[in-house]
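One file, model17.cif, is given below (mmCIF, C-alpha atoms).
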data_entry
#
loop_
_atom_site.label_atom_id
_atom_site.label_comp_id
_atom_site.auth_asym_id
_atom_site.auth_seq_id
_atom_site.Cartn_x
_atom_site.Cartn_y
_atom_site.Cartn_z
CA MET A 1 -80.55 231.53 63.89
CA HIS A 2 -80.62 233.69 60.76
CA VAL A 3 -78.29 236.67 61.28
CA SER A 4 -77.83 239.96 59.46
CA ILE A 5 -74.87 240.78 57.18
CA ALA A 6 -75.43 244.55 57.60
CA GLY A 7 -72.20 246.54 57.37
CA THR A 8 -69.77 243.90 56.14
CA ILE A 9 -70.47 240.20 55.68
CA ASP A 10 -67.90 239.12 58.31
CA LEU A 11 -69.98 240.89 60.98
CA ALA A 12 -72.51 238.08 60.61
CA VAL A 13 -70.02 235.77 62.34
CA ASP A 14 -69.67 238.25 65.23
CA ARG A 15 -73.46 238.47 65.58
CA ALA A 16 -73.81 234.69 65.61
CA VAL A 17 -71.11 234.35 68.28
CA GLU A 18 -72.66 237.15 70.39
CA SER A 19 -76.01 235.36 70.17
CA ASN A 20 -74.44 232.14 71.50
CA CYS A 21 -75.12 230.22 68.27
CA ASP A 22 -73.41 226.99 67.25
CA THR A 23 -74.39 227.49 63.60
CA PHE A 24 -76.13 230.23 61.63
CA GLN A 25 -77.81 231.21 58.38
CA ILE A 26 -77.35 234.34 56.25
CA PHE A 27 -78.32 235.96 52.99
CA THR A 28 -75.06 236.64 51.15
CA ARG A 29 -76.75 239.56 49.32
CA ASN A 30 -79.90 241.69 49.36
CA PRO A 31 -82.74 239.13 49.55
CA ARG A 32 -85.41 241.42 48.11
CA GLY A 33 -83.76 242.66 44.91
CA TRP A 34 -82.06 241.41 41.75
CA LYS A 35 -79.09 243.75 41.92
CA VAL A 36 -76.02 242.15 43.44
CA SER A 37 -72.62 243.58 44.40
CA ASN A 38 -69.42 241.59 44.15
CA LEU A 39 -67.99 240.35 47.42
CA ASP A 40 -65.06 242.35 48.73
CA HIS A 41 -61.92 240.18 48.95
CA GLU A 42 -60.95 241.56 52.37
CA GLU A 43 -64.44 240.89 53.75
CA VAL A 44 -64.35 237.33 52.41
CA GLU A 45 -61.00 236.66 54.11
CA LYS A 46 -62.25 238.15 57.39
CA PHE A 47 -65.41 236.02 57.20
CA LYS A 48 -63.42 232.81 56.75
CA SER A 49 -60.87 233.79 59.40
CA LYS A 50 -63.60 234.46 61.98
CA LEU A 51 -65.26 231.11 61.23
CA ARG A 52 -61.96 229.37 61.94
CA GLN A 53 -61.29 231.47 65.02
CA HIS A 54 -64.67 230.74 66.63
CA ASN A 55 -65.07 227.21 65.23
CA ILE A 56 -68.68 227.93 64.35
CA GLY A 57 -70.71 226.25 61.62
CA PRO A 58 -71.72 224.84 59.29
CA VAL A 59 -72.86 228.09 57.71
CA VAL A 60 -76.09 228.05 55.72
CA SER A 61 -76.88 230.50 52.94
CA HIS A 62 -80.50 231.18 52.02
CA MET A 63 -81.37 232.15 48.45
CA PRO A 64 -83.04 235.56 47.96
CA TYR A 65 -86.84 235.70 47.85
CA LEU A 66 -87.39 236.87 44.27
CA PRO A 67 -86.14 233.92 42.14
CA ASN A 68 -88.69 231.36 40.96
CA LEU A 69 -86.78 228.31 39.74
CA SER A 70 -89.99 226.67 38.48
CA SER A 71 -91.31 229.69 36.57
CA PRO A 72 -92.74 229.18 33.06
CA LYS A 73 -91.90 232.82 32.22
CA ASP A 74 -88.63 232.74 30.25
CA ASP A 75 -87.14 236.10 31.28
CA PHE A 76 -87.95 235.59 34.95
CA TYR A 77 -86.71 232.00 34.86
CA GLU A 78 -83.38 232.98 33.28
CA LYS A 79 -82.83 235.64 35.96
CA SER A 80 -83.66 233.07 38.63
CA VAL A 81 -81.17 230.52 37.26
CA GLU A 82 -78.52 233.24 37.02
CA ALA A 83 -79.17 234.14 40.68
CA LEU A 84 -78.71 230.53 41.78
CA VAL A 85 -75.49 230.09 39.80
CA GLY A 86 -74.25 233.36 41.29
CA GLU A 87 -75.06 232.13 44.79
CA VAL A 88 -73.01 228.99 44.18
CA GLU A 89 -70.05 231.17 43.19
CA ARG A 90 -70.45 233.43 46.25
CA CYS A 91 -70.74 230.51 48.67
CA THR A 92 -67.69 228.86 47.11
CA LEU A 93 -65.67 232.02 47.83
CA LEU A 94 -66.99 232.19 51.41
CA LYS A 95 -66.50 228.45 52.08
CA ILE A 96 -70.19 228.14 52.99
CA GLN A 97 -71.36 224.53 53.11
CA TYR A 98 -75.07 224.77 52.26
CA ILE A 99 -77.38 226.86 50.06
CA VAL A 100 -81.08 226.52 50.94
CA ILE A 101 -83.39 227.22 48.01
CA HIS A 102 -87.12 227.75 47.63
CA LEU A 103 -88.40 225.48 44.89
CA GLY A 104 -90.82 227.96 43.40
CA SER A 105 -94.19 227.81 41.67
CA HIS A 106 -95.26 226.46 38.30
CA LEU A 107 -97.90 229.26 38.22
CA GLY A 108 -100.67 226.87 37.22
CA LEU A 109 -98.92 225.08 34.34
CA GLY A 110 -98.75 221.84 36.31
CA ARG A 111 -96.28 219.85 38.40
CA ASP A 112 -94.55 218.23 35.42
CA ALA A 113 -93.83 221.61 33.82
CA GLY A 114 -92.54 222.94 37.13
CA LEU A 115 -90.35 219.88 37.66
CA LYS A 116 -88.77 220.25 34.22
CA ARG A 117 -87.96 223.92 34.89
CA LEU A 118 -86.64 223.24 38.39
CA VAL A 119 -84.32 220.43 37.34
CA GLY A 120 -83.21 222.61 34.41
CA ALA A 121 -82.23 225.31 36.92
CA LEU A 122 -80.42 222.93 39.26
CA ASN A 123 -78.26 221.32 36.57
CA PRO A 124 -76.10 224.37 35.62
CA ALA A 125 -75.86 225.40 39.29
CA THR A 126 -74.69 221.99 40.53
CA ALA A 127 -72.26 221.78 37.59
CA LYS A 128 -70.51 224.85 39.06
CA ILE A 129 -70.05 223.30 42.50
CA LYS A 130 -66.54 222.53 43.68
CA GLY A 131 -65.75 220.84 46.98
CA ASP A 132 -68.34 219.97 49.62
CA LEU A 133 -70.95 222.67 48.89
CA LYS A 134 -74.51 221.35 48.56
CA ILE A 135 -77.74 222.92 47.35
CA LEU A 136 -80.56 222.02 49.73
CA LEU A 137 -84.16 221.73 48.56
CA GLU A 138 -86.50 223.26 51.15
CA ASN A 139 -89.89 221.58 51.48
CA THR A 140 -92.87 223.86 50.96
CA ALA A 141 -96.07 224.31 52.97
CA GLY A 142 -98.39 223.07 50.22
CA GLN A 143 -99.49 226.42 48.78
CA ALA A 144 -101.31 226.28 45.42
CA ASN A 145 -98.95 225.63 42.47
CA SER A 146 -95.89 225.25 44.73
CA MET A 147 -93.25 222.60 44.18
CA GLY A 148 -91.81 220.24 46.79
CA SER A 149 -94.40 219.97 49.56
CA LYS A 150 -94.43 216.15 49.41
CA PHE A 151 -91.52 213.81 50.16
CA GLU A 152 -92.10 212.02 46.85
CA GLU A 153 -91.50 215.27 44.94
CA LEU A 154 -88.28 216.01 46.81
CA ARG A 155 -86.98 212.53 45.96
CA GLU A 156 -87.99 212.91 42.31
CA ILE A 157 -86.21 216.27 41.97
CA ILE A 158 -82.97 214.76 43.27
CA ASP A 159 -83.30 211.65 41.10
CA LYS A 160 -83.93 213.61 37.90
CA SER A 161 -81.03 216.03 38.40
CA ARG A 162 -77.71 215.58 36.65
CA HIS A 163 -75.64 215.87 39.85
CA PRO A 164 -77.76 214.30 42.63
CA LYS A 165 -74.81 213.99 45.04
CA ARG A 166 -74.54 217.80 45.09
CA LEU A 167 -78.11 218.15 46.35
CA GLY A 168 -79.70 217.55 49.75
CA ILE A 169 -82.76 218.46 51.79
CA CYS A 170 -83.60 221.20 54.30
CA LEU A 171 -86.80 220.34 56.18
CA ASP A 172 -88.79 223.22 57.62
CA SER A 173 -90.95 222.04 60.53
CA CYS A 174 -93.66 224.67 59.95
CA HIS A 175 -93.85 223.75 56.25
CA LEU A 176 -93.98 220.04 57.11
CA TYR A 177 -96.93 220.54 59.46
CA ALA A 178 -98.75 222.87 57.06
CA ALA A 179 -98.30 220.31 54.25
CA GLY A 180 -99.97 217.60 56.35
CA TYR A 181 -97.03 215.85 58.04
CA ASP A 182 -97.93 215.65 61.73
CA LEU A 183 -95.31 216.67 64.32
CA HIS A 184 -97.64 217.24 67.27
CA THR A 185 -96.69 214.19 69.38
CA SER A 186 -93.79 211.81 69.88
CA LYS A 187 -95.67 209.13 67.94
CA SER A 188 -96.39 211.43 64.98
CA VAL A 189 -92.81 212.77 64.85
CA LYS A 190 -91.54 209.19 64.71
CA ALA A 191 -94.02 208.30 61.95
CA THR A 192 -93.17 211.39 59.87
CA MET A 193 -89.43 210.82 60.14
CA GLU A 194 -89.84 207.13 59.27
CA ARG A 195 -91.82 208.14 56.19
CA PHE A 196 -89.10 210.61 55.20
CA GLU A 197 -86.44 207.91 55.63
CA GLU A 198 -88.46 205.46 53.53
CA ILE A 199 -89.17 207.85 50.65
CA VAL A 200 -86.22 210.28 50.57
CA GLY A 201 -83.56 208.79 52.87
CA VAL A 202 -82.09 210.36 56.00
CA GLU A 203 -78.68 210.63 54.30
CA GLU A 204 -80.16 213.44 52.17
CA LEU A 205 -81.24 215.50 55.20
CA LYS A 206 -78.64 218.16 56.03
CA VAL A 207 -80.39 221.08 57.79
CA ILE A 208 -83.60 221.70 59.76
CA HIS A 209 -85.47 225.03 59.77
CA LEU A 210 -87.04 225.01 63.22
CA ASN A 211 -90.35 226.92 63.27
CA ASP A 212 -93.71 226.39 64.91
CA SER A 213 -96.88 226.86 62.82
CA LYS A 214 -99.56 229.53 63.30
CA ASN A 215 -102.06 227.34 61.46
CA GLY A 216 -103.31 223.79 61.76
CA LEU A 217 -102.20 220.50 60.27
CA GLY A 218 -102.52 220.49 56.47
CA SER A 219 -103.46 224.19 56.31
CA GLY A 220 -101.11 224.87 53.38
CA LEU A 221 -100.16 228.18 55.00
CA ASP A 222 -96.51 229.23 55.53
CA ARG A 223 -96.86 231.23 58.74
CA HIS A 224 -94.10 230.77 61.31
CA GLU A 225 -94.74 230.91 65.06
CA HIS A 226 -92.54 230.97 68.17
CA ILE A 227 -91.24 227.56 69.28
CA GLY A 228 -93.93 225.78 71.32
CA MET A 229 -96.52 228.54 70.90
CA GLY A 230 -98.11 227.23 67.71
CA TYR A 231 -99.93 224.11 66.60
CA ILE A 232 -96.84 221.88 66.79
CA GLY A 233 -96.43 222.86 70.44
CA GLU A 234 -93.86 222.07 73.12
CA GLU A 235 -94.54 218.33 73.10
CA GLY A 236 -93.97 218.16 69.35
CA PHE A 237 -90.72 220.11 69.48
CA ARG A 238 -89.45 218.10 72.45
CA ALA A 239 -90.01 214.93 70.41
CA LEU A 240 -88.46 216.44 67.28
CA LEU A 241 -85.39 217.71 69.14
CA HIS A 242 -84.86 214.29 70.73
CA HIS A 243 -85.21 212.38 67.47
CA PRO A 244 -81.79 210.78 66.80
CA THR A 245 -81.61 212.01 63.19
CA VAL A 246 -82.68 215.59 63.92
CA ARG A 247 -80.50 215.86 67.01
CA GLU A 248 -77.29 215.58 64.96
CA LEU A 249 -78.21 218.26 62.38
CA PRO A 250 -77.73 222.03 62.18
CA LEU A 251 -80.96 223.64 63.41
CA ILE A 252 -81.85 227.14 62.19
CA LEU A 253 -84.55 229.25 63.87
CA GLU A 254 -86.63 231.47 61.57
CA THR A 255 -89.16 232.47 64.22
CA PRO A 256 -90.88 235.88 64.52
CA ILE A 257 -89.62 238.77 66.61
CA ASP A 258 -92.45 240.53 68.48
CA GLU A 259 -93.58 241.61 71.94
CA ARG A 260 -93.97 237.98 73.01
CA ARG A 261 -90.46 236.73 72.21
CA ASP A 262 -87.23 237.54 70.40
CA ASP A 263 -84.58 235.27 68.84
CA GLN A 264 -82.74 234.79 72.12
CA GLU A 265 -85.87 233.60 73.91
CA ASN A 266 -86.67 231.14 71.11
CA LEU A 267 -83.08 229.88 71.25
CA LYS A 268 -83.41 229.42 75.02
CA MET A 269 -86.72 227.58 74.63
CA THR A 270 -85.26 225.30 71.96
CA ARG A 271 -82.31 224.37 74.18
CA GLU A 272 -84.63 223.73 77.14
CA LEU A 273 -86.83 221.41 75.07
CA GLY A 274 -83.77 219.67 73.65
CA LYS A 275 -82.27 218.78 77.06
#

Exercise: express the given structure as structure tokens:
Amino acid sequence: MHVSIAGTIDLAVDRAVESNCDTFQIFTRNPRGWKVSNLDHEEVEKFKSKLRQHNIGPVVSHMPYLPNLSSPKDDFYEKSVEALVGEVERCTLLKIQYIVIHLGSHLGLGRDAGLKRLVGALNPATAKIKGDLKILLENTAGQANSMGSKFEELREIIDKSRHPKRLGICLDSCHLYAAGYDLHTSKSVKATMERFEEIVGVEELKVIHLNDSKNGLGSGLDRHEHIGMGYIGEEGFRALLHHPTVRELPLILETPIDERRDDQENLKMTRELGK
């Protein structure tokens, strides 16, 4: 699940272990602001030491919410690229394996303009990568002007980048369903995953964001629901969790916390459906 870094960043490992996680996701910084503090060396060493001690991972970093890597607005775009490059540097220090990024919006200027901006943002960031770190493109729900809701777009972004081997894919199940890729039955899960393999390639798929959808197939709305309580439903998640490709990947829950369920109950449900 996604865990907090409140206090010091190494406490995220403790929270993940206490929650009985095998893997986890964090923000390495404040996700709702531009201001960023340098990582404390002692905290970094504690973080890495705890990962080794508990043998937990891979660790996934999620980019902050503010950057728009497809923005046509120069000042905003430059700040967004700087944020991504900075995240690469932070994750390199922390020995984090994956950075999940939102692909942004072209704000009405068209897909080709957005693609040019997005690839232009990825190139300097991937050039900074050392070791096994990968930047993962997260599919979107199909909102107006958004980039990356279709498999063909995800493939094109990778192909047009200067360092394609340093990129991969994070598929969000809610976003998939909202964008029109059916996951409601065993048959539809199989068809969707076969389509992904044909267009993008399963070797590119590194992480799954596991979320049900509050809205129907093709709604274009990014609204997460508890596992099995949305339109994908228990049958869909049982099929997804038993799919041979998905079963081997890190799965991250980004489900709501409310009076119906918390993270622990969604984790329990996911493990029950995955048996």

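The residue that comes closest to Thr23 (chain A), out of A:Gln97, A:Tyr77, A:Val44, A:Glu197 and on the basis of only C-alpha atoms, is A:Gln97.
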
Give the answer as one residue: which of A:Leu39, A:Leu154, A:Leu136, A:Cys174 has the shortest atom-to-atom distance to Ile5 (chain A), using all atoms listed in the file? A:Leu39

Near Glu18 (chain A), within 12 Å and counting all atoms listed in the file, which residues show up once chain neighbours fewer than 6 positions away are dropped, as a count of residues only? 8

Output of the PyMOL selection byres ((chain A and resi 47) around 12), listed as a PyMOL selection string: chain A and resi 5+8-16+28+39-46+48-57+59+91+93-96

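With only C-alpha atoms as the basis for measurement, A:Ala144 is the residue among A:Ala144, A:Val85, A:Leu109, A:Met63 that approaches Gly220 (chain A) most closely.
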
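Nearest to Gly218 (chain A) of all the residues A:Leu241, A:Gln143, A:Ile252, A:Ser188 is A:Gln143, counting all atoms listed in the file.
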